[in-house]
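Have a look at the structure below, then the notes.
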Amino acid sequence: MRRPVIAGNWKMHNTVAETTALVEGLLATRPPASVDVVVAPPFTSLPAAAMVAAGSPLGLAAQNVHWETHGAFTGEVSAAMLVELGVGWVIVGHSERRTLFGETDRTARDRARAAQRAGLTVIYCIGETLAEREADRTFAVLSSQTDGLGSLDPDRLVVAYEPVWAIGTGRTASPEQAQEAHAFVRSCLERAFSPAAAAALRILYGGSLKPSNAHELLARPDVDGGLIGGASLDVDSFSAIIRAAADRAAGV
Ligand code: PEP
């Protein structure tokens, strides 16, 4: 049984004060021990989140990391800088990084490798656009996006399947569409690693996941948790999704 992961991607939301309040609110709900709960505040809020979450099982993620250890890379942050803050996870290759900031499979893999070398666990995002799905290219896209992941350490890797057409749009993949894509991604990971490693890897669904659809999506056999944007900004909705993941862990 794979342990569920519920990760909140806060994107460019929440000041230090807002981060403190949100993390305090989340911890007050006493997240169930059967789920890995992770939040990804903006860089500026990571120290505050680390301070509030100290001593708790809440995981802390960054939203990006550079592939070099240091140097003339204005605006970038290294993996060691994140580790120093108490960060344990990092989101890599999010579709907003790909479409708005020129991220490619190659740069995403380079970031992931550097992050893992520093001891971070990588949440590696993949997913097709609407045009690609409509052209029946979903599997081809997922296959090429997972190509080359074999150079990563599967023990420090979580893959997030996020159909781009479902991110922030209110449109969600049906449980059947999610399961089909997740099973396909797992078959790609079998080739990249080994059947045993792929069977142990957590594959998260992302794209307008919310309390009203969490239960049915998280009930699918290959959906091992979620990467959540909008609904992670509210304690009640995020904790409802965490509870749905705990139900999955309990086989409910
Ligand atoms: C995301 O940004 O990874 C995401 C899934 O966003 P949302 O939940 O808002 O669709």
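A note on labels: chains of the structure tokens are A, B, ... as shown, every chain counts residues from 1, and ligands are counted from 1 in their shown order.
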10 Å shell around ligand 1 using only C-alpha atoms and all ligand atoms, listed as a PyMOL selection string
chain A and resi 7-11+91+94-96+125+160-172+204-210+226-233
Using N, CA and C atoms, can you write the selected residues to a file as a short mmCIF file (atom, residue, chain, number, x, y, z; two decimals), in the first residue's frame?
```cif
data_model
loop_
_atom_site.label_atom_id
_atom_site.label_comp_id
_atom_site.auth_asym_id
_atom_site.auth_seq_id
_atom_site.Cartn_x
_atom_site.Cartn_y
_atom_site.Cartn_z
N ALA A 7 -0.26 17.47 -1.28
CA ALA A 7 0.65 18.62 -1.32
C ALA A 7 -0.11 19.85 -1.80
N GLY A 8 0.05 20.93 -1.07
CA GLY A 8 -0.60 22.20 -1.43
C GLY A 8 0.40 23.11 -2.12
N ASN A 9 0.10 23.46 -3.36
CA ASN A 9 0.94 24.39 -4.12
C ASN A 9 0.33 25.78 -4.01
N TRP A 10 0.95 26.62 -3.19
CA TRP A 10 0.36 27.93 -2.93
C TRP A 10 0.63 28.94 -4.05
N LYS A 11 1.52 28.58 -4.96
CA LYS A 11 1.88 29.49 -6.07
C LYS A 11 2.30 30.84 -5.51
N ILE A 91 8.74 21.17 -5.76
CA ILE A 91 7.93 20.94 -6.97
C ILE A 91 8.80 21.31 -8.17
N HIS A 94 6.38 22.23 -12.96
CA HIS A 94 4.95 22.57 -12.97
C HIS A 94 4.57 23.19 -14.32
N SER A 95 3.35 22.97 -14.75
CA SER A 95 2.96 23.45 -16.09
C SER A 95 3.04 24.98 -16.20
N GLU A 96 2.86 25.67 -15.06
CA GLU A 96 3.01 27.14 -15.15
C GLU A 96 4.47 27.51 -15.40
N CYS A 125 6.24 17.26 -12.06
CA CYS A 125 4.92 17.46 -12.71
C CYS A 125 4.97 17.16 -14.21
N ALA A 160 3.63 13.92 -10.30
CA ALA A 160 2.29 14.52 -10.28
C ALA A 160 1.75 14.57 -11.70
N TYR A 161 0.68 13.84 -11.95
CA TYR A 161 0.00 13.93 -13.25
C TYR A 161 -1.01 15.07 -13.15
N GLU A 162 -0.74 16.12 -13.93
CA GLU A 162 -1.62 17.29 -13.89
C GLU A 162 -2.03 17.66 -15.32
N PRO A 163 -3.20 17.19 -15.76
CA PRO A 163 -3.65 17.62 -17.09
C PRO A 163 -3.77 19.14 -17.10
N VAL A 164 -3.06 19.78 -18.03
CA VAL A 164 -2.97 21.25 -18.02
C VAL A 164 -4.35 21.88 -18.12
N TRP A 165 -5.26 21.22 -18.83
CA TRP A 165 -6.60 21.75 -19.03
C TRP A 165 -7.42 21.73 -17.74
N ALA A 166 -6.93 21.07 -16.72
CA ALA A 166 -7.69 20.98 -15.46
C ALA A 166 -7.10 21.87 -14.37
N ILE A 167 -5.95 22.51 -14.63
CA ILE A 167 -5.29 23.28 -13.58
C ILE A 167 -5.91 24.67 -13.48
N GLY A 168 -6.51 24.94 -12.34
CA GLY A 168 -7.08 26.27 -12.08
C GLY A 168 -8.28 26.60 -12.94
N THR A 169 -8.85 25.60 -13.61
CA THR A 169 -9.95 25.87 -14.55
C THR A 169 -11.30 25.46 -13.97
N GLY A 170 -11.28 24.70 -12.88
CA GLY A 170 -12.54 24.17 -12.35
C GLY A 170 -12.95 22.90 -13.07
N ARG A 171 -12.25 22.58 -14.17
CA ARG A 171 -12.51 21.34 -14.92
C ARG A 171 -11.62 20.25 -14.34
N THR A 172 -12.19 19.12 -14.01
CA THR A 172 -11.40 18.05 -13.40
C THR A 172 -11.41 16.84 -14.32
N LEU A 204 0.61 11.43 -8.02
CA LEU A 204 -0.45 12.32 -7.53
C LEU A 204 -1.27 12.83 -8.69
N TYR A 205 -2.53 13.10 -8.43
CA TYR A 205 -3.36 13.79 -9.43
C TYR A 205 -3.41 15.28 -9.06
N GLY A 206 -3.34 16.14 -10.07
CA GLY A 206 -3.51 17.58 -9.84
C GLY A 206 -4.37 18.19 -10.93
N GLY A 207 -5.25 19.10 -10.54
CA GLY A 207 -6.12 19.76 -11.51
C GLY A 207 -7.50 19.90 -10.94
N SER A 208 -7.72 21.07 -10.26
CA SER A 208 -9.04 21.37 -9.67
C SER A 208 -9.52 20.27 -8.73
N LEU A 209 -8.59 19.67 -8.00
CA LEU A 209 -8.98 18.72 -6.94
C LEU A 209 -9.58 19.52 -5.79
N LYS A 210 -10.71 19.09 -5.29
CA LYS A 210 -11.40 19.81 -4.23
C LYS A 210 -12.18 18.82 -3.37
N GLY A 226 -2.68 13.91 -4.06
CA GLY A 226 -2.98 15.05 -4.92
C GLY A 226 -2.00 16.19 -4.76
N LEU A 227 -1.84 16.94 -5.85
CA LEU A 227 -1.15 18.23 -5.81
C LEU A 227 -2.25 19.27 -6.02
N ILE A 228 -2.41 20.13 -5.04
CA ILE A 228 -3.60 20.97 -5.00
C ILE A 228 -3.22 22.44 -4.99
N GLY A 229 -3.81 23.21 -5.91
CA GLY A 229 -3.56 24.64 -5.95
C GLY A 229 -4.61 25.37 -5.15
N GLY A 230 -5.64 25.85 -5.83
CA GLY A 230 -6.66 26.71 -5.21
C GLY A 230 -7.20 26.20 -3.89
N ALA A 231 -7.57 24.94 -3.83
CA ALA A 231 -8.21 24.41 -2.62
C ALA A 231 -7.24 24.24 -1.45
N SER A 232 -5.93 24.44 -1.70
CA SER A 232 -4.98 24.33 -0.59
C SER A 232 -4.82 25.65 0.16
N LEU A 233 -5.47 26.69 -0.35
CA LEU A 233 -5.32 28.01 0.27
C LEU A 233 -6.33 28.24 1.38
#
```
Need the shell around Gly55 (chain A): protein/DNA/RNA residues with any atom at most 12 Å away, counting only C-alpha atoms. Skip same-chain ones fewer than 6 positions apart. Format as JSON, numbers by chain?
{"A": [27, 49, 86]}
Give me a file of those residues, with C-alpha atoms, as a compact mmCIF listing (two decimals), in the first residue's frame.
```txt
# COMPACT_ATOMS: atom_id res chain seq x y z
CA LEU A 27 -1.81 22.10 12.22
CA ALA A 49 6.36 28.15 7.62
CA GLY A 86 14.31 23.00 6.68
```
Which neighbours of Val65 (chain A) fall inside 12 Å, counting only C-alpha atoms, when residues of the same chain fewer than 5 positions from it are skipped, and could you give them as a compact mmCIF listing (two decimals) with N, CA and C atoms, in the first residue's frame?
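part_28.txt, freshly written:
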```txt
# COMPACT_ATOMS: atom_id res chain seq x y z
N PRO A 42 5.44 30.37 -1.14
CA PRO A 42 6.48 31.06 -1.92
C PRO A 42 7.80 31.08 -1.13
N PHE A 43 8.91 31.28 -1.82
CA PHE A 43 10.22 31.27 -1.17
C PHE A 43 10.24 32.16 0.08
N HIS A 70 25.58 27.12 -7.06
CA HIS A 70 25.74 28.54 -6.77
C HIS A 70 26.17 29.22 -8.07
N PHE A 73 23.19 33.47 -11.23
CA PHE A 73 21.88 33.04 -11.75
C PHE A 73 20.81 33.89 -11.06
N GLY A 75 17.88 35.60 -9.52
CA GLY A 75 16.48 35.19 -9.32
C GLY A 75 16.31 33.73 -9.00
N GLU A 76 17.41 32.97 -9.00
CA GLU A 76 17.29 31.53 -8.75
C GLU A 76 17.72 31.18 -7.32
N VAL A 77 17.36 30.00 -6.88
CA VAL A 77 17.66 29.53 -5.52
C VAL A 77 18.21 28.11 -5.62
N SER A 78 19.26 27.81 -4.87
CA SER A 78 19.87 26.48 -4.95
C SER A 78 19.21 25.51 -3.97
N ALA A 79 19.46 24.23 -4.20
CA ALA A 79 18.89 23.20 -3.32
C ALA A 79 19.45 23.34 -1.90
N ALA A 80 20.75 23.64 -1.77
CA ALA A 80 21.34 23.76 -0.43
C ALA A 80 20.68 24.91 0.35
N MET A 81 20.31 25.96 -0.36
CA MET A 81 19.65 27.10 0.31
C MET A 81 18.29 26.67 0.88
N LEU A 82 17.64 25.76 0.17
CA LEU A 82 16.33 25.27 0.64
C LEU A 82 16.52 24.33 1.82
N VAL A 83 17.48 23.44 1.71
CA VAL A 83 17.73 22.47 2.79
C VAL A 83 18.06 23.22 4.09
N VAL A 87 13.56 22.85 4.38
CA VAL A 87 12.70 22.36 3.29
C VAL A 87 13.09 20.92 2.96
N TRP A 89 11.10 19.08 0.42
CA TRP A 89 10.48 18.72 -0.85
C TRP A 89 10.61 19.88 -1.84
N VAL A 90 10.48 19.58 -3.12
CA VAL A 90 10.43 20.66 -4.11
C VAL A 90 9.56 20.23 -5.30
N ILE A 91 8.74 21.17 -5.76
CA ILE A 91 7.93 20.94 -6.97
C ILE A 91 8.80 21.31 -8.17
N VAL A 92 8.83 20.44 -9.15
CA VAL A 92 9.66 20.69 -10.35
C VAL A 92 8.81 20.46 -11.60
N GLY A 93 8.99 21.35 -12.57
CA GLY A 93 8.35 21.14 -13.88
C GLY A 93 6.86 21.42 -13.90
N HIS A 94 6.38 22.23 -12.96
CA HIS A 94 4.95 22.57 -12.97
C HIS A 94 4.57 23.19 -14.32
N ARG A 97 5.40 26.75 -14.85
CA ARG A 97 6.82 26.98 -15.14
C ARG A 97 7.09 26.67 -16.62
N GLU A 103 10.29 26.46 -18.95
CA GLU A 103 10.79 25.17 -18.44
C GLU A 103 10.62 24.09 -19.50
N THR A 107 15.36 20.91 -18.57
CA THR A 107 15.69 21.75 -17.40
C THR A 107 14.99 21.19 -16.15
N ALA A 108 13.80 20.65 -16.34
CA ALA A 108 13.09 20.08 -15.18
C ALA A 108 13.89 18.90 -14.62
N ARG A 109 14.39 18.05 -15.50
CA ARG A 109 15.20 16.90 -15.03
C ARG A 109 16.47 17.37 -14.33
N ASP A 110 17.11 18.42 -14.89
CA ASP A 110 18.34 18.95 -14.26
C ASP A 110 18.03 19.48 -12.86
N ARG A 111 16.91 20.17 -12.73
CA ARG A 111 16.53 20.69 -11.41
C ARG A 111 16.28 19.53 -10.45
N ALA A 112 15.57 18.52 -10.95
CA ALA A 112 15.22 17.39 -10.10
C ALA A 112 16.47 16.67 -9.61
N ARG A 113 17.43 16.49 -10.51
CA ARG A 113 18.66 15.79 -10.12
C ARG A 113 19.42 16.56 -9.05
N ALA A 114 19.53 17.88 -9.25
CA ALA A 114 20.24 18.71 -8.26
C ALA A 114 19.52 18.67 -6.92
N ALA A 115 18.20 18.70 -6.96
CA ALA A 115 17.42 18.68 -5.72
C ALA A 115 17.65 17.37 -4.98
N GLN A 116 17.62 16.27 -5.72
CA GLN A 116 17.82 14.96 -5.06
C GLN A 116 19.23 14.82 -4.52
N ALA A 118 20.89 16.99 -3.16
CA ALA A 118 20.93 17.72 -1.88
C ALA A 118 20.02 17.07 -0.84
N LEU A 120 16.63 16.46 -1.25
CA LEU A 120 15.22 16.84 -1.34
C LEU A 120 14.41 15.76 -2.07
N THR A 121 13.15 15.63 -1.71
CA THR A 121 12.22 14.77 -2.46
C THR A 121 11.53 15.65 -3.51
N VAL A 122 11.50 15.15 -4.73
CA VAL A 122 11.00 15.93 -5.87
C VAL A 122 9.57 15.52 -6.21
N ILE A 123 8.71 16.52 -6.35
CA ILE A 123 7.36 16.30 -6.91
C ILE A 123 7.46 16.75 -8.37
N TYR A 124 7.54 15.79 -9.27
CA TYR A 124 7.85 16.06 -10.68
C TYR A 124 6.54 16.10 -11.48
```
Looking only at the backbone, which of the residues in region 1-249 of chain A does DSSP tag as alpha helix (DSSP H), as an MDAnalysis selection string?
chainID A and resid 16:28 46:53 79:84 95:101 105:117 130:134 138:146 175:192 195:200 211:218 235:249
Can you list every residue in region 6-243 of chain A that DSSP puts in strand (DSSP E or B), as a PyMOL selection string?
chain A and resi 6-9+36-40+59-62+89-92+121-126+157-161+202-206+225-228
Could you dump the residues just selected with N, CA and C atoms as a compact mmCIF listing (two decimals), in the first residue's frame?
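Done, and the output landed in out-v8.txt:
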```
# COMPACT_ATOMS: atom_id res chain seq x y z
N ILE A 6 -0.54 14.44 0.14
CA ILE A 6 -1.38 15.58 -0.23
C ILE A 6 -0.51 16.83 -0.13
N ALA A 7 -0.26 17.47 -1.28
CA ALA A 7 0.65 18.62 -1.32
C ALA A 7 -0.11 19.85 -1.80
N GLY A 8 0.05 20.93 -1.07
CA GLY A 8 -0.60 22.20 -1.43
C GLY A 8 0.40 23.11 -2.12
N ASN A 9 0.10 23.46 -3.36
CA ASN A 9 0.94 24.39 -4.12
C ASN A 9 0.33 25.78 -4.01
N ASP A 36 1.11 11.81 4.06
CA ASP A 36 2.19 12.79 4.00
C ASP A 36 1.57 14.12 3.55
N VAL A 37 1.52 15.09 4.45
CA VAL A 37 0.94 16.39 4.11
C VAL A 37 2.08 17.38 3.91
N VAL A 38 2.03 18.10 2.78
CA VAL A 38 3.13 18.98 2.39
C VAL A 38 2.52 20.31 1.94
N VAL A 39 3.16 21.42 2.30
CA VAL A 39 2.73 22.70 1.73
C VAL A 39 3.92 23.37 1.05
N ALA A 40 3.61 24.08 -0.04
CA ALA A 40 4.65 24.75 -0.83
C ALA A 40 4.35 26.25 -0.89
N GLY A 59 5.23 18.54 6.00
CA GLY A 59 6.37 18.69 5.08
C GLY A 59 6.34 20.06 4.43
N LEU A 60 7.55 20.54 4.12
CA LEU A 60 7.67 21.86 3.52
C LEU A 60 8.31 21.72 2.15
N ALA A 61 7.67 22.32 1.14
CA ALA A 61 8.20 22.22 -0.22
C ALA A 61 8.49 23.61 -0.77
N ALA A 62 9.49 23.69 -1.64
CA ALA A 62 9.69 24.89 -2.45
C ALA A 62 8.99 24.66 -3.78
N TRP A 89 11.10 19.08 0.42
CA TRP A 89 10.48 18.72 -0.85
C TRP A 89 10.61 19.88 -1.84
N VAL A 90 10.48 19.58 -3.12
CA VAL A 90 10.43 20.66 -4.11
C VAL A 90 9.56 20.23 -5.30
N ILE A 91 8.74 21.17 -5.76
CA ILE A 91 7.93 20.94 -6.97
C ILE A 91 8.80 21.31 -8.17
N VAL A 92 8.83 20.44 -9.15
CA VAL A 92 9.66 20.69 -10.35
C VAL A 92 8.81 20.46 -11.60
N THR A 121 13.15 15.63 -1.71
CA THR A 121 12.22 14.77 -2.46
C THR A 121 11.53 15.65 -3.51
N VAL A 122 11.50 15.15 -4.73
CA VAL A 122 11.00 15.93 -5.87
C VAL A 122 9.57 15.52 -6.21
N ILE A 123 8.71 16.52 -6.35
CA ILE A 123 7.36 16.30 -6.91
C ILE A 123 7.46 16.75 -8.37
N TYR A 124 7.54 15.79 -9.27
CA TYR A 124 7.85 16.06 -10.68
C TYR A 124 6.54 16.10 -11.48
N CYS A 125 6.24 17.26 -12.06
CA CYS A 125 4.92 17.46 -12.71
C CYS A 125 4.97 17.16 -14.21
N ILE A 126 3.96 16.45 -14.65
CA ILE A 126 3.79 16.18 -16.08
C ILE A 126 2.31 16.33 -16.40
N LEU A 157 11.37 10.47 -5.24
CA LEU A 157 10.59 10.99 -6.37
C LEU A 157 9.11 10.71 -6.17
N VAL A 158 8.31 11.73 -6.42
CA VAL A 158 6.85 11.59 -6.49
C VAL A 158 6.48 12.23 -7.82
N VAL A 159 5.64 11.58 -8.60
CA VAL A 159 5.24 12.15 -9.89
C VAL A 159 3.84 12.73 -9.75
N ALA A 160 3.63 13.92 -10.30
CA ALA A 160 2.29 14.52 -10.28
C ALA A 160 1.75 14.57 -11.70
N TYR A 161 0.68 13.84 -11.95
CA TYR A 161 0.00 13.93 -13.25
C TYR A 161 -1.01 15.07 -13.15
N ARG A 202 4.78 7.00 -5.70
CA ARG A 202 3.49 7.67 -5.56
C ARG A 202 3.24 8.58 -6.78
N ILE A 203 2.05 8.44 -7.37
CA ILE A 203 1.64 9.29 -8.50
C ILE A 203 0.43 10.10 -8.05
N LEU A 204 0.61 11.43 -8.02
CA LEU A 204 -0.45 12.32 -7.53
C LEU A 204 -1.27 12.83 -8.69
N TYR A 205 -2.53 13.10 -8.43
CA TYR A 205 -3.36 13.79 -9.43
C TYR A 205 -3.41 15.28 -9.06
N GLY A 206 -3.34 16.14 -10.07
CA GLY A 206 -3.51 17.58 -9.84
C GLY A 206 -4.37 18.19 -10.93
N GLY A 225 -2.64 10.29 -4.24
CA GLY A 225 -2.68 11.56 -3.54
C GLY A 225 -2.93 12.69 -4.51
N GLY A 226 -2.68 13.91 -4.06
CA GLY A 226 -2.98 15.05 -4.92
C GLY A 226 -2.00 16.19 -4.76
N LEU A 227 -1.84 16.94 -5.85
CA LEU A 227 -1.15 18.23 -5.81
C LEU A 227 -2.25 19.27 -6.02
N ILE A 228 -2.41 20.13 -5.04
CA ILE A 228 -3.60 20.97 -5.00
C ILE A 228 -3.22 22.44 -4.99
```
Residues near Pro211 (chain A), cut-off 8 Å, only C-alpha atoms, skip fewer than 6 positions along chain, as a count of residues only:
5
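The smallest atom-to-atom distance between Gly25 (chain A) and any of A:His13, A:Ala53, A:Ala200, A:His182, using only C-alpha atoms, is found for A:Ala53.
CA of Gly150 (chain A) lies 25.0 Å from CA of Arg133 (chain A).
Every protein, DNA or RNA residue with an atom at most 10 Å from Pro32 (chain A), where only C-alpha atoms count and chain neighbours fewer than 5 positions away do not, is listed here: Val37, Pro57, Ser239, Ile242, Arg243, Ala245, Ala246 and Asp247 of chain A.
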Residues from last step as file, N, CA and C atoms, as a short mmCIF file (atom, residue, chain, number, x, y, z; two decimals), in the first residue's frame:
```cif
data_model
loop_
_atom_site.label_atom_id
_atom_site.label_comp_id
_atom_site.auth_asym_id
_atom_site.auth_seq_id
_atom_site.Cartn_x
_atom_site.Cartn_y
_atom_site.Cartn_z
N VAL A 37 1.52 15.09 4.45
CA VAL A 37 0.94 16.39 4.11
C VAL A 37 2.08 17.38 3.91
N PRO A 57 4.78 16.87 11.79
CA PRO A 57 5.10 16.07 10.59
C PRO A 57 4.83 16.80 9.28
N SER A 239 -8.04 20.54 4.40
CA SER A 239 -8.09 19.44 5.38
C SER A 239 -9.16 18.42 4.99
N ILE A 242 -7.34 16.19 2.71
CA ILE A 242 -6.44 15.33 3.50
C ILE A 242 -7.23 14.17 4.12
N ARG A 243 -8.42 14.47 4.62
CA ARG A 243 -9.24 13.41 5.23
C ARG A 243 -9.64 12.36 4.19
N ALA A 245 -7.86 11.52 1.68
CA ALA A 245 -6.65 10.70 1.47
C ALA A 245 -6.47 9.71 2.63
N ALA A 246 -6.81 10.14 3.83
CA ALA A 246 -6.71 9.23 4.99
C ALA A 246 -7.70 8.09 4.81
N ASP A 247 -8.87 8.36 4.25
CA ASP A 247 -9.84 7.29 3.98
C ASP A 247 -9.25 6.29 3.00
#
```
